[in-house]
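Novice: Sharing a structure here in C-alpha cells format.
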Amino acid sequence: MRHRPLVISLLFLCAPILALSQSAALSPNEKMPGMIEGKVTAVTNGDQLTVRTRNGRSYVILLHGIDAPEAEQDFGAESNKALTQLVMNRTVSVVFHRETSKGQYMGTVFYEGQDIGLRLLEIGSAWHYKRVSGEQSSDARATYALAELKAREARAGLWADQMPIPPWEFRDEFEGKDAAVGPDAIPAKNVDAAAKAAQPPTEDLNPGRVYMRGPRGGCYYLNAAGAKVYVKDKDLCPKP
C-alpha cells in the first residue's frame, strides 16, 4: 500500500504521453492531434516538410506563421536548402494549429527547443505570413514580426534583393486571385509544371503596363506599391 501514491503519480505523468501516441495514430476523419513527435523525411519547399511518427504515420506540415519563396521564385532553392539543413532527418516536435482543406497541417515545428519558423525568419529565408497572423498568439505574432524586421534591416537572405516578391503575390499572379484568400489561406504548393505549360499564353489586358525581364529570365511589372509582380507569359517582356 505504501507504493500506491507513487503508482498514481506515474500514471498522471504517463497519461499525456499515452494520449499523444494514440492521437498520432488517428485516421484522417478523426480528431487532429494537438502535438506529434517524429522524424523529418522530406522538405518540399522552404516552409513545407513531412514528419513521420514512430507508428509510421506521415504528416505534411506547413510551417505556421511564415511564407517562403516558391521554387520558381528567386531564393526559392536557397530557402528550401535552409529548411533542409535545419531539420532533414532530425526528430522534431510539431504543435498543430489546424488542418487545411488539402489534408495538410498548419503547425509550429521545434527542434531541440528552437522554433524553426522563427529561425527561418531570422536568417531571411521567409516572410512573416500576415494572412494567418491572426491565428498566432500576440507574443508569437510580435516575435515573428520583429524577426522579419531585423532580417530586412540586415539585408539577410532574400532581403539582399532590393524588392523581393512576396510568395503570395507570386501565387496570386500565377494561380488566380482567389488562390490565397479562402478560409485556409495557405500556400498552394507543388503545382504541376506541365499543366502550367499547357495553358495558352495570357493576353496583355493592360497595354499601358511596362514589363521588364529579370536577371534570371522572368517577366514582371511593378505594381502600385513598387513591388515586382511576375507574369507567366514571358512574351510580354522585351526579348533578351
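Labeling convention for the C-alpha cells: chains A, B, ... as they appear, residues from 1 per chain, ligands from 1 in order of appearance.
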At most 10 Å is the cut-off: for each residue in segment 24-108 of chain A with any atom that close to an atom of segment 133-149 of chain A, write down the nearest atom pair and the distance in Å rounded to one decimal, counting only C-alpha atoms, chain first then increasing number, as JSON lines.

Specialist:
```
{"residue": "A:His64", "atom": "CA", "partner": "A:Gln136", "partner_atom": "CA", "distance": 8.5}
{"residue": "A:Gly65", "atom": "CA", "partner": "A:Ser133", "partner_atom": "CA", "distance": 5.9}
{"residue": "A:Ile66", "atom": "CA", "partner": "A:Tyr144", "partner_atom": "CA", "distance": 8.4}
{"residue": "A:His97", "atom": "CA", "partner": "A:Glu135", "partner_atom": "CA", "distance": 8.2}
{"residue": "A:Arg98", "atom": "CA", "partner": "A:Glu135", "partner_atom": "CA", "distance": 9.8}
```

Novice: For the selection just defined, write its residues with C-alpha atoms to a file, as a short mmCIF file (atom, residue, chain, number, x, y, z; two decimals), in the first residue's frame.

Specialist:
```
data_model
loop_
_atom_site.label_atom_id
_atom_site.label_comp_id
_atom_site.auth_asym_id
_atom_site.auth_seq_id
_atom_site.Cartn_x
_atom_site.Cartn_y
_atom_site.Cartn_z
CA HIS A 64 2.59 28.23 -39.31
CA GLY A 65 3.07 31.99 -39.49
CA ILE A 66 5.63 32.11 -42.31
CA HIS A 97 -2.89 24.67 -35.26
CA ARG A 98 -5.35 23.31 -37.81
#
```

Novice: As an exercise, work out the distance from atom CA of Asp47 of chain A to atom CA of Leu62 of chain A in Å and give it to one decimal place.

Specialist: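 Atom-to-atom, atom CA of Asp47 of chain A and atom CA of Leu62 of chain A are spaced 5.9 Å apart.
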
Novice: Quick one: of A:Ala126, A:Leu158, A:Leu86, A:Gln73, who's nearest to Tyr230 of chain A, counting only C-alpha atoms?

Specialist: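 Nearest to Tyr230 of chain A: A:Gln73.
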
Novice: Kindly indicate which residue among A:Pro238, A:Pro69, A:Gly56, A:Gly157 lies nearest to Gly124 of chain A, using only C-alpha atoms for the distances.

Specialist: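 Under the stated criterion, the closest residue is A:Gly157.
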
Novice: Atom CA of Leu121 of chain A to atom CA of Asp67 of chain A: how many Å, to one decimal?

Specialist: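 Taking atom CA of Leu121 of chain A as the start and atom CA of Asp67 of chain A as the end point, the length is 9.4 Å.
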
Novice: With only C-alpha atoms as the atoms that count, which of A:Gln104, A:Thr44, A:Ser79, A:Ser125 lies nearest to Tyr59 of chain A?

Specialist: A:Gln104

Novice: With distances taken over only C-alpha atoms, which of A:Val132, A:Val210, A:Val92, A:Ile165 is nearest to Tyr111 of chain A?

Specialist: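 Going through A:Val132, A:Val210, A:Val92, A:Ile165 one by one, the smallest distance to Tyr111 of chain A is for A:Val92.
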